[in-house]
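Dumped target-v3.txt below, it's compact mmCIF, N, CA and C atoms:
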# COMPACT_ATOMS: atom_id res chain seq x y z
N MET A 1 0.85 -1.17 0.00
CA MET A 1 0.00 0.00 0.00
C MET A 1 0.90 1.24 0.00
N ILE A 2 0.80 2.06 -1.00
CA ILE A 2 1.61 3.27 -1.12
C ILE A 2 1.15 4.30 -0.09
N VAL A 3 2.13 4.91 0.60
CA VAL A 3 1.85 5.93 1.62
C VAL A 3 2.57 7.21 1.24
N LYS A 4 1.86 8.31 1.31
CA LYS A 4 2.45 9.64 1.12
C LYS A 4 2.54 10.30 2.50
N VAL A 5 3.70 10.84 2.81
CA VAL A 5 3.91 11.50 4.09
C VAL A 5 4.20 12.97 3.83
N LEU A 6 3.43 13.84 4.50
CA LEU A 6 3.64 15.28 4.40
C LEU A 6 4.31 15.75 5.68
N ILE A 7 5.46 16.38 5.52
CA ILE A 7 6.23 16.88 6.65
C ILE A 7 6.33 18.39 6.50
N LYS A 8 5.71 19.11 7.41
CA LYS A 8 5.67 20.57 7.32
C LYS A 8 6.68 21.16 8.30
N ARG A 9 7.48 22.09 7.78
CA ARG A 9 8.51 22.75 8.59
C ARG A 9 8.46 24.25 8.35
N HIS A 10 8.67 25.02 9.41
CA HIS A 10 8.76 26.47 9.34
C HIS A 10 10.18 26.86 9.77
N VAL A 11 10.93 27.40 8.83
CA VAL A 11 12.34 27.68 9.05
C VAL A 11 12.55 29.12 9.50
N LYS A 12 13.45 29.30 10.46
CA LYS A 12 13.80 30.65 10.92
C LYS A 12 14.44 31.43 9.77
N ILE A 13 14.23 32.73 9.76
CA ILE A 13 14.83 33.60 8.75
C ILE A 13 16.35 33.53 8.88
N ASP A 14 17.01 33.50 7.74
CA ASP A 14 18.47 33.42 7.62
C ASP A 14 19.06 32.07 8.02
N CYS A 15 18.22 31.05 8.14
CA CYS A 15 18.71 29.71 8.47
C CYS A 15 18.52 28.74 7.31
N GLU A 16 18.06 29.24 6.18
CA GLU A 16 17.69 28.38 5.07
C GLU A 16 18.85 27.54 4.56
N ARG A 17 20.04 28.13 4.46
CA ARG A 17 21.19 27.40 3.90
C ARG A 17 21.52 26.17 4.75
N ASP A 18 21.64 26.36 6.06
CA ASP A 18 21.95 25.24 6.95
C ASP A 18 20.81 24.23 6.97
N PHE A 19 19.58 24.74 6.95
CA PHE A 19 18.40 23.87 6.91
C PHE A 19 18.45 22.96 5.69
N PHE A 20 18.72 23.51 4.52
CA PHE A 20 18.74 22.72 3.29
C PHE A 20 19.88 21.72 3.25
N GLU A 21 21.00 22.06 3.84
CA GLU A 21 22.11 21.10 3.91
C GLU A 21 21.69 19.87 4.70
N LEU A 22 21.02 20.09 5.82
CA LEU A 22 20.56 18.96 6.63
C LEU A 22 19.43 18.21 5.94
N LEU A 23 18.58 18.94 5.26
CA LEU A 23 17.49 18.29 4.52
C LEU A 23 18.07 17.37 3.44
N LYS A 24 19.15 17.79 2.79
CA LYS A 24 19.81 16.94 1.79
C LYS A 24 20.36 15.68 2.45
N GLN A 25 20.92 15.83 3.64
CA GLN A 25 21.46 14.67 4.36
C GLN A 25 20.37 13.67 4.70
N ILE A 26 19.25 14.19 5.19
CA ILE A 26 18.17 13.29 5.58
C ILE A 26 17.61 12.58 4.36
N ARG A 27 17.49 13.28 3.24
CA ARG A 27 16.98 12.63 2.03
C ARG A 27 17.98 11.63 1.49
N ALA A 28 19.26 11.96 1.50
CA ALA A 28 20.28 11.03 1.00
C ALA A 28 20.24 9.72 1.79
N ASN A 29 19.95 9.80 3.05
CA ASN A 29 19.84 8.59 3.87
C ASN A 29 18.50 7.89 3.67
N ALA A 30 17.44 8.66 3.46
CA ALA A 30 16.12 8.07 3.23
C ALA A 30 16.12 7.22 1.97
N ILE A 31 16.82 7.68 0.95
CA ILE A 31 16.88 6.96 -0.32
C ILE A 31 17.37 5.53 -0.12
N LYS A 32 18.21 5.31 0.86
CA LYS A 32 18.80 3.99 1.12
C LYS A 32 17.87 3.09 1.93
N GLN A 33 16.76 3.63 2.40
CA GLN A 33 15.88 2.88 3.29
C GLN A 33 14.93 1.97 2.54
N GLU A 34 14.64 0.86 3.16
CA GLU A 34 13.66 -0.09 2.64
C GLU A 34 12.32 0.62 2.42
N GLY A 35 11.77 0.50 1.23
CA GLY A 35 10.44 1.03 0.95
C GLY A 35 10.37 2.47 0.49
N TYR A 36 11.51 3.18 0.48
CA TYR A 36 11.49 4.57 0.02
C TYR A 36 11.28 4.60 -1.49
N ILE A 37 10.37 5.45 -1.94
CA ILE A 37 10.10 5.58 -3.38
C ILE A 37 10.59 6.92 -3.90
N SER A 38 10.15 8.02 -3.27
CA SER A 38 10.53 9.34 -3.78
C SER A 38 10.29 10.40 -2.72
N GLY A 39 10.80 11.59 -3.01
CA GLY A 39 10.58 12.73 -2.13
C GLY A 39 10.71 14.02 -2.91
N GLU A 40 10.01 15.03 -2.43
CA GLU A 40 10.11 16.36 -3.03
C GLU A 40 9.91 17.40 -1.94
N THR A 41 10.48 18.57 -2.16
CA THR A 41 10.37 19.66 -1.20
C THR A 41 9.70 20.84 -1.89
N LEU A 42 8.66 21.36 -1.25
CA LEU A 42 7.92 22.50 -1.79
C LEU A 42 8.00 23.66 -0.80
N VAL A 43 8.03 24.87 -1.34
CA VAL A 43 8.00 26.07 -0.50
C VAL A 43 6.65 26.75 -0.70
N SER A 44 6.10 27.27 0.37
CA SER A 44 4.79 27.93 0.32
C SER A 44 4.86 29.20 -0.51
N THR A 45 3.82 29.44 -1.29
CA THR A 45 3.73 30.68 -2.05
C THR A 45 3.34 31.85 -1.16
N ASP A 46 2.79 31.55 0.03
CA ASP A 46 2.37 32.59 0.96
C ASP A 46 3.43 32.92 2.01
N ASP A 47 4.29 31.96 2.31
CA ASP A 47 5.29 32.14 3.36
C ASP A 47 6.58 31.45 2.93
N PRO A 48 7.58 32.22 2.51
CA PRO A 48 8.82 31.61 2.00
C PRO A 48 9.62 30.85 3.06
N GLN A 49 9.20 30.91 4.30
CA GLN A 49 9.88 30.18 5.38
C GLN A 49 9.16 28.86 5.69
N GLU A 50 8.09 28.57 4.98
CA GLU A 50 7.32 27.35 5.22
C GLU A 50 7.58 26.35 4.10
N PHE A 51 7.93 25.13 4.50
CA PHE A 51 8.26 24.08 3.54
C PHE A 51 7.45 22.83 3.84
N ILE A 52 7.13 22.11 2.78
CA ILE A 52 6.51 20.80 2.93
C ILE A 52 7.37 19.80 2.16
N VAL A 53 7.74 18.74 2.83
CA VAL A 53 8.42 17.64 2.18
C VAL A 53 7.37 16.55 1.99
N ILE A 54 7.25 16.07 0.78
CA ILE A 54 6.32 14.98 0.49
C ILE A 54 7.17 13.77 0.14
N SER A 55 7.08 12.74 0.96
CA SER A 55 7.81 11.52 0.64
C SER A 55 6.82 10.40 0.38
N THR A 56 7.23 9.49 -0.48
CA THR A 56 6.38 8.37 -0.86
C THR A 56 7.08 7.08 -0.46
N TRP A 57 6.30 6.21 0.21
CA TRP A 57 6.83 4.96 0.76
C TRP A 57 5.97 3.80 0.29
N GLN A 58 6.56 2.63 0.20
CA GLN A 58 5.83 1.44 -0.21
C GLN A 58 4.81 1.01 0.84
N SER A 59 5.07 1.32 2.10
CA SER A 59 4.12 0.95 3.15
C SER A 59 4.25 1.88 4.34
N LEU A 60 3.23 1.90 5.17
CA LEU A 60 3.28 2.68 6.39
C LEU A 60 4.38 2.16 7.31
N GLU A 61 4.56 0.85 7.34
CA GLU A 61 5.61 0.27 8.18
C GLU A 61 6.99 0.75 7.75
N ASP A 62 7.22 0.87 6.43
CA ASP A 62 8.51 1.36 5.94
C ASP A 62 8.74 2.79 6.41
N TRP A 63 7.73 3.64 6.29
CA TRP A 63 7.85 5.02 6.75
C TRP A 63 8.11 5.06 8.25
N LEU A 64 7.35 4.32 9.03
CA LEU A 64 7.51 4.35 10.48
C LEU A 64 8.89 3.85 10.91
N ALA A 65 9.41 2.85 10.21
CA ALA A 65 10.75 2.35 10.52
C ALA A 65 11.79 3.45 10.28
N TRP A 66 11.65 4.18 9.19
CA TRP A 66 12.58 5.28 8.90
C TRP A 66 12.37 6.43 9.89
N ARG A 67 11.12 6.80 10.13
CA ARG A 67 10.82 7.89 11.06
C ARG A 67 11.44 7.64 12.43
N ASP A 68 11.40 6.39 12.87
CA ASP A 68 11.86 6.05 14.22
C ASP A 68 13.33 5.62 14.27
N SER A 69 14.02 5.66 13.14
CA SER A 69 15.42 5.22 13.12
C SER A 69 16.33 6.22 13.84
N LYS A 70 17.37 5.70 14.42
CA LYS A 70 18.34 6.53 15.15
C LYS A 70 18.96 7.59 14.23
N MET A 71 19.34 7.18 13.02
CA MET A 71 19.98 8.10 12.08
C MET A 71 19.07 9.28 11.75
N ARG A 72 17.80 8.99 11.45
CA ARG A 72 16.88 10.06 11.11
C ARG A 72 16.64 10.98 12.29
N LYS A 73 16.48 10.41 13.46
CA LYS A 73 16.24 11.22 14.65
C LYS A 73 17.40 12.16 14.93
N GLU A 74 18.63 11.69 14.71
CA GLU A 74 19.81 12.54 14.93
C GLU A 74 19.82 13.73 13.97
N ILE A 75 19.60 13.47 12.70
CA ILE A 75 19.60 14.57 11.72
C ILE A 75 18.41 15.48 11.96
N ASP A 76 17.25 14.90 12.25
CA ASP A 76 16.05 15.69 12.47
C ASP A 76 16.19 16.62 13.67
N SER A 77 16.86 16.18 14.71
CA SER A 77 17.04 17.06 15.88
C SER A 77 17.90 18.27 15.52
N ARG A 78 18.83 18.08 14.60
CA ARG A 78 19.65 19.22 14.14
C ARG A 78 18.82 20.14 13.25
N ILE A 79 17.96 19.57 12.42
CA ILE A 79 17.07 20.37 11.57
C ILE A 79 16.16 21.24 12.44
N GLU A 80 15.64 20.65 13.49
CA GLU A 80 14.69 21.38 14.35
C GLU A 80 15.30 22.63 14.97
N SER A 81 16.62 22.66 15.14
CA SER A 81 17.25 23.86 15.71
C SER A 81 17.13 25.07 14.78
N TYR A 82 16.83 24.82 13.51
CA TYR A 82 16.67 25.91 12.54
C TYR A 82 15.21 26.27 12.29
N GLN A 83 14.33 25.65 13.03
CA GLN A 83 12.90 25.88 12.82
C GLN A 83 12.32 26.83 13.85
N ARG A 84 11.27 27.52 13.44
CA ARG A 84 10.58 28.42 14.36
C ARG A 84 9.36 27.76 14.99
N GLU A 85 8.96 26.61 14.47
CA GLU A 85 7.83 25.83 15.01
C GLU A 85 8.18 24.36 14.93
N ALA A 86 7.46 23.56 15.68
CA ALA A 86 7.67 22.11 15.64
C ALA A 86 7.25 21.55 14.29
N THR A 87 7.91 20.51 13.86
CA THR A 87 7.56 19.80 12.64
C THR A 87 6.24 19.08 12.81
N THR A 88 5.43 19.08 11.76
CA THR A 88 4.20 18.28 11.79
C THR A 88 4.30 17.19 10.72
N TYR A 89 3.73 16.04 11.04
CA TYR A 89 3.75 14.89 10.14
C TYR A 89 2.33 14.42 9.91
N GLU A 90 2.02 14.11 8.65
CA GLU A 90 0.73 13.53 8.30
C GLU A 90 0.98 12.47 7.24
N SER A 91 0.31 11.33 7.37
CA SER A 91 0.46 10.29 6.36
C SER A 91 -0.89 10.01 5.71
N TYR A 92 -0.83 9.70 4.43
CA TYR A 92 -2.03 9.49 3.63
C TYR A 92 -1.85 8.28 2.72
N VAL A 93 -2.96 7.65 2.41
CA VAL A 93 -2.99 6.59 1.41
C VAL A 93 -4.03 6.97 0.37
N PHE A 94 -3.94 6.36 -0.80
CA PHE A 94 -4.95 6.59 -1.82
C PHE A 94 -6.28 6.04 -1.33
N ARG A 95 -7.36 6.66 -1.73
CA ARG A 95 -8.69 6.31 -1.24
C ARG A 95 -9.00 4.83 -1.39
N LYS A 96 -8.63 4.26 -2.51
CA LYS A 96 -8.94 2.84 -2.72
C LYS A 96 -8.25 1.98 -1.66
N TYR A 97 -7.07 2.39 -1.20
CA TYR A 97 -6.38 1.64 -0.14
C TYR A 97 -7.09 1.84 1.18
N ARG A 98 -7.56 3.05 1.42
CA ARG A 98 -8.26 3.35 2.67
C ARG A 98 -9.49 2.46 2.81
N LEU A 99 -10.22 2.29 1.72
CA LEU A 99 -11.41 1.44 1.76
C LEU A 99 -11.04 0.00 2.08
N SER A 100 -9.95 -0.48 1.53
CA SER A 100 -9.55 -1.85 1.82
C SER A 100 -9.05 -1.97 3.26
N VAL A 101 -8.42 -0.94 3.78
CA VAL A 101 -7.98 -0.95 5.18
C VAL A 101 -9.19 -1.02 6.10
N LYS A 102 -10.24 -0.28 5.77
CA LYS A 102 -11.47 -0.34 6.58
C LYS A 102 -12.04 -1.75 6.63
N LYS A 103 -11.83 -2.48 5.55
CA LYS A 103 -12.33 -3.85 5.49
C LYS A 103 -11.36 -4.85 6.15
N GLY A 104 -10.26 -4.34 6.69
CA GLY A 104 -9.33 -5.19 7.42
C GLY A 104 -8.14 -5.71 6.61
N PHE A 105 -7.92 -5.17 5.43
CA PHE A 105 -6.79 -5.61 4.63
C PHE A 105 -5.95 -4.41 4.22
N PRO A 106 -4.66 -4.45 4.30
CA PRO A 106 -3.90 -5.48 5.00
C PRO A 106 -3.88 -5.20 6.50
N LYS A 107 -3.51 -6.16 7.25
CA LYS A 107 -3.41 -5.97 8.70
C LYS A 107 -2.21 -5.07 9.00
N VAL A 108 -2.43 -4.04 9.81
CA VAL A 108 -1.37 -3.11 10.20
C VAL A 108 -1.27 -3.18 11.72
N GLU A 109 -0.06 -3.45 12.21
CA GLU A 109 0.16 -3.51 13.65
C GLU A 109 -0.33 -2.24 14.34
N GLY A 110 -1.02 -2.38 15.44
CA GLY A 110 -1.45 -1.22 16.22
C GLY A 110 -2.73 -0.57 15.73
N ARG A 111 -3.39 -1.19 14.77
CA ARG A 111 -4.63 -0.61 14.23
C ARG A 111 -5.77 -1.57 14.39
Let me see the structure of the file written as structure tokens.
Amino acid sequence: MIVKVLIKRHVKIDCERDFFELLKQIRANAIKQEGYISGETLVSTDDPQEFIVISTWQSLEDWLAWRDSKMRKEIDSRIESYQREATTYESYVFRKYRLSVKKGFPKVEGR
């Protein structure tokens, strides 16, 4: 089941360069992870300090394994020092997958 993860970050003014260097590091490591498909970074048209990273994973379990990995947590804690607000995470699946999940397929731990 394909999962899209939206990661919203608000970067402090004049911290963009360091922020992007760390973002490159986190993506370079994500690419090596089981289940990683793709990622993109978008900047808000209303607020140039607001960014959304959209990553695509083969499964929710793959995303959660990466999210909870020691390597990601270390880089993410450094990224957060350049932010003016806490990071928010949201995960989504395509509607057809959601309907099958409601019917109990596939089984996802903790749900």
*So which residues touch Ile75 in chain A within 8 Å, counting all atoms listed in the file, skipping near sequence neighbours fewer than 4 positions away, as a ChimeraX atom specification?*
/A:22-23,25-26,70-71,79-80
Any chance you can output those residues with N, CA and C atoms as an mmCIF file, in the frame of the given file?
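Full text of part.cif as output:
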data_model
loop_
_atom_site.group_PDB
_atom_site.id
_atom_site.type_symbol
_atom_site.label_atom_id
_atom_site.label_comp_id
_atom_site.auth_asym_id
_atom_site.auth_seq_id
_atom_site.Cartn_x
_atom_site.Cartn_y
_atom_site.Cartn_z
ATOM 1 N N LEU A 22 21.020 20.090 5.820
ATOM 2 C CA LEU A 22 20.560 18.960 6.630
ATOM 3 C C LEU A 22 19.430 18.210 5.940
ATOM 4 N N LEU A 23 18.580 18.940 5.260
ATOM 5 C CA LEU A 23 17.490 18.290 4.520
ATOM 6 C C LEU A 23 18.070 17.370 3.440
ATOM 7 N N GLN A 25 20.920 15.830 3.640
ATOM 8 C CA GLN A 25 21.460 14.670 4.360
ATOM 9 C C GLN A 25 20.370 13.670 4.700
ATOM 10 N N ILE A 26 19.250 14.190 5.190
ATOM 11 C CA ILE A 26 18.170 13.290 5.580
ATOM 12 C C ILE A 26 17.610 12.580 4.360
ATOM 13 N N LYS A 70 17.370 5.700 14.420
ATOM 14 C CA LYS A 70 18.340 6.530 15.150
ATOM 15 C C LYS A 70 18.960 7.590 14.230
ATOM 16 N N MET A 71 19.340 7.180 13.020
ATOM 17 C CA MET A 71 19.980 8.100 12.080
ATOM 18 C C MET A 71 19.070 9.280 11.750
ATOM 19 N N ILE A 79 17.960 19.570 12.420
ATOM 20 C CA ILE A 79 17.070 20.370 11.570
ATOM 21 C C ILE A 79 16.160 21.240 12.440
ATOM 22 N N GLU A 80 15.640 20.650 13.490
ATOM 23 C CA GLU A 80 14.690 21.380 14.350
ATOM 24 C C GLU A 80 15.300 22.630 14.970
#
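Of the residues listed (A:Ser55, A:Glu61, A:Glu74, A:Arg67), A:Ser55 shows the shortest atom-to-atom separation from Ile37 in chain A; distances use all atoms listed in the file.
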*asked:* I need the residues of chain A that end up classed as alpha helix (DSSP H) by DSSP on the backbone, written out as a VMD selection string.
replied: chain A and resid 16 to 30 60 to 67 70 to 80 95 to 102
Please produce a file of those selected residues containing N, CA and C atoms, as a short mmCIF file (atom, residue, chain, number, x, y, z; two decimals), keeping the file's coordinate frame.
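Listed below is the output, part-v9.cif:
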data_model
loop_
_atom_site.label_atom_id
_atom_site.label_comp_id
_atom_site.auth_asym_id
_atom_site.auth_seq_id
_atom_site.Cartn_x
_atom_site.Cartn_y
_atom_site.Cartn_z
N GLU A 16 18.06 29.24 6.18
CA GLU A 16 17.69 28.38 5.07
C GLU A 16 18.85 27.54 4.56
N ARG A 17 20.04 28.13 4.46
CA ARG A 17 21.19 27.40 3.90
C ARG A 17 21.52 26.17 4.75
N ASP A 18 21.64 26.36 6.06
CA ASP A 18 21.95 25.24 6.95
C ASP A 18 20.81 24.23 6.97
N PHE A 19 19.58 24.74 6.95
CA PHE A 19 18.40 23.87 6.91
C PHE A 19 18.45 22.96 5.69
N PHE A 20 18.72 23.51 4.52
CA PHE A 20 18.74 22.72 3.29
C PHE A 20 19.88 21.72 3.25
N GLU A 21 21.00 22.06 3.84
CA GLU A 21 22.11 21.10 3.91
C GLU A 21 21.69 19.87 4.70
N LEU A 22 21.02 20.09 5.82
CA LEU A 22 20.56 18.96 6.63
C LEU A 22 19.43 18.21 5.94
N LEU A 23 18.58 18.94 5.26
CA LEU A 23 17.49 18.29 4.52
C LEU A 23 18.07 17.37 3.44
N LYS A 24 19.15 17.79 2.79
CA LYS A 24 19.81 16.94 1.79
C LYS A 24 20.36 15.68 2.45
N GLN A 25 20.92 15.83 3.64
CA GLN A 25 21.46 14.67 4.36
C GLN A 25 20.37 13.67 4.70
N ILE A 26 19.25 14.19 5.19
CA ILE A 26 18.17 13.29 5.58
C ILE A 26 17.61 12.58 4.36
N ARG A 27 17.49 13.28 3.24
CA ARG A 27 16.98 12.63 2.03
C ARG A 27 17.98 11.63 1.49
N ALA A 28 19.26 11.96 1.50
CA ALA A 28 20.28 11.03 1.00
C ALA A 28 20.24 9.72 1.79
N ASN A 29 19.95 9.80 3.05
CA ASN A 29 19.84 8.59 3.87
C ASN A 29 18.50 7.89 3.67
N ALA A 30 17.44 8.66 3.46
CA ALA A 30 16.12 8.07 3.23
C ALA A 30 16.12 7.22 1.97
N LEU A 60 3.23 1.90 5.17
CA LEU A 60 3.28 2.68 6.39
C LEU A 60 4.38 2.16 7.31
N GLU A 61 4.56 0.85 7.34
CA GLU A 61 5.61 0.27 8.18
C GLU A 61 6.99 0.75 7.75
N ASP A 62 7.22 0.87 6.43
CA ASP A 62 8.51 1.36 5.94
C ASP A 62 8.74 2.79 6.41
N TRP A 63 7.73 3.64 6.29
CA TRP A 63 7.85 5.02 6.75
C TRP A 63 8.11 5.06 8.25
N LEU A 64 7.35 4.32 9.03
CA LEU A 64 7.51 4.35 10.48
C LEU A 64 8.89 3.85 10.91
N ALA A 65 9.41 2.85 10.21
CA ALA A 65 10.75 2.35 10.52
C ALA A 65 11.79 3.45 10.28
N TRP A 66 11.65 4.18 9.19
CA TRP A 66 12.58 5.28 8.90
C TRP A 66 12.37 6.43 9.89
N ARG A 67 11.12 6.80 10.13
CA ARG A 67 10.82 7.89 11.06
C ARG A 67 11.44 7.64 12.43
N LYS A 70 17.37 5.70 14.42
CA LYS A 70 18.34 6.53 15.15
C LYS A 70 18.96 7.59 14.23
N MET A 71 19.34 7.18 13.02
CA MET A 71 19.98 8.10 12.08
C MET A 71 19.07 9.28 11.75
N ARG A 72 17.80 8.99 11.45
CA ARG A 72 16.88 10.06 11.11
C ARG A 72 16.64 10.98 12.29
N LYS A 73 16.48 10.41 13.46
CA LYS A 73 16.24 11.22 14.65
C LYS A 73 17.40 12.16 14.93
N GLU A 74 18.63 11.69 14.71
CA GLU A 74 19.81 12.54 14.93
C GLU A 74 19.82 13.73 13.97
N ILE A 75 19.60 13.47 12.70
CA ILE A 75 19.60 14.57 11.72
C ILE A 75 18.41 15.48 11.96
N ASP A 76 17.25 14.90 12.25
CA ASP A 76 16.05 15.69 12.47
C ASP A 76 16.19 16.62 13.67
N SER A 77 16.86 16.18 14.71
CA SER A 77 17.04 17.06 15.88
C SER A 77 17.90 18.27 15.52
N ARG A 78 18.83 18.08 14.60
CA ARG A 78 19.65 19.22 14.14
C ARG A 78 18.82 20.14 13.25
N ILE A 79 17.96 19.57 12.42
CA ILE A 79 17.07 20.37 11.57
C ILE A 79 16.16 21.24 12.44
N GLU A 80 15.64 20.65 13.49
CA GLU A 80 14.69 21.38 14.35
C GLU A 80 15.30 22.63 14.97
N ARG A 95 -7.36 6.66 -1.73
CA ARG A 95 -8.69 6.31 -1.24
C ARG A 95 -9.00 4.83 -1.39
N LYS A 96 -8.63 4.26 -2.51
CA LYS A 96 -8.94 2.84 -2.72
C LYS A 96 -8.25 1.98 -1.66
N TYR A 97 -7.07 2.39 -1.20
CA TYR A 97 -6.38 1.64 -0.14
C TYR A 97 -7.09 1.84 1.18
N ARG A 98 -7.56 3.05 1.42
CA ARG A 98 -8.26 3.35 2.67
C ARG A 98 -9.49 2.46 2.81
N LEU A 99 -10.22 2.29 1.72
CA LEU A 99 -11.41 1.44 1.76
C LEU A 99 -11.04 0.00 2.08
N SER A 100 -9.95 -0.48 1.53
CA SER A 100 -9.55 -1.85 1.82
C SER A 100 -9.05 -1.97 3.26
N VAL A 101 -8.42 -0.94 3.78
CA VAL A 101 -7.98 -0.95 5.18
C VAL A 101 -9.19 -1.02 6.10
N LYS A 102 -10.24 -0.28 5.77
CA LYS A 102 -11.47 -0.34 6.58
C LYS A 102 -12.04 -1.75 6.63
#
So that I can see what lies close to Tyr82 in chain A, please list as an mmCIF file with N, CA and C atoms, in the frame of the given file the residues with an atom at most 6.5 Å from it, counting all atoms listed in the file and leaving out residues fewer than 2 positions away in the same chain.
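Output contents, as saved in around-v7.cif:
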data_model
loop_
_atom_site.group_PDB
_atom_site.id
_atom_site.type_symbol
_atom_site.label_atom_id
_atom_site.label_comp_id
_atom_site.auth_asym_id
_atom_site.auth_seq_id
_atom_site.Cartn_x
_atom_site.Cartn_y
_atom_site.Cartn_z
ATOM 1 N N HIS A 10 8.670 25.020 9.410
ATOM 2 C CA HIS A 10 8.760 26.470 9.340
ATOM 3 C C HIS A 10 10.180 26.860 9.770
ATOM 4 N N VAL A 11 10.930 27.400 8.830
ATOM 5 C CA VAL A 11 12.340 27.680 9.050
ATOM 6 C C VAL A 11 12.550 29.120 9.500
ATOM 7 N N LYS A 12 13.450 29.300 10.460
ATOM 8 C CA LYS A 12 13.800 30.650 10.920
ATOM 9 C C LYS A 12 14.440 31.430 9.770
ATOM 10 N N CYS A 15 18.220 31.050 8.140
ATOM 11 C CA CYS A 15 18.710 29.710 8.470
ATOM 12 C C CYS A 15 18.520 28.740 7.310
ATOM 13 N N PHE A 19 19.580 24.740 6.950
ATOM 14 C CA PHE A 19 18.400 23.870 6.910
ATOM 15 C C PHE A 19 18.450 22.960 5.690
ATOM 16 N N ARG A 78 18.830 18.080 14.600
ATOM 17 C CA ARG A 78 19.650 19.220 14.140
ATOM 18 C C ARG A 78 18.820 20.140 13.250
ATOM 19 N N ILE A 79 17.960 19.570 12.420
ATOM 20 C CA ILE A 79 17.070 20.370 11.570
ATOM 21 C C ILE A 79 16.160 21.240 12.440
ATOM 22 N N GLU A 80 15.640 20.650 13.490
ATOM 23 C CA GLU A 80 14.690 21.380 14.350
ATOM 24 C C GLU A 80 15.300 22.630 14.970
ATOM 25 N N ARG A 84 11.270 27.520 13.440
ATOM 26 C CA ARG A 84 10.580 28.420 14.360
ATOM 27 C C ARG A 84 9.360 27.760 14.990
#
*Name all residues at most 5 Å from Val3 in chain A (count all atoms listed in the file; drop same-chain ones fewer than 4 positions away) and give them as an MDAnalysis selection string.*
chainID A and resid 56:59 92:93
*asked:* One number please: atom N of Gly35 in chain A to atom N of Ile52 in chain A, in Å, one decimal.
replied: 22.2 Å
*A:Gln49, A:Arg9, A:Arg72, A:Glu90: which is nearest Ala28 in chain A, counting only C-alpha atoms?*
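Counting only C-alpha atoms, the residue closest to Ala28 in chain A is A:Arg72.
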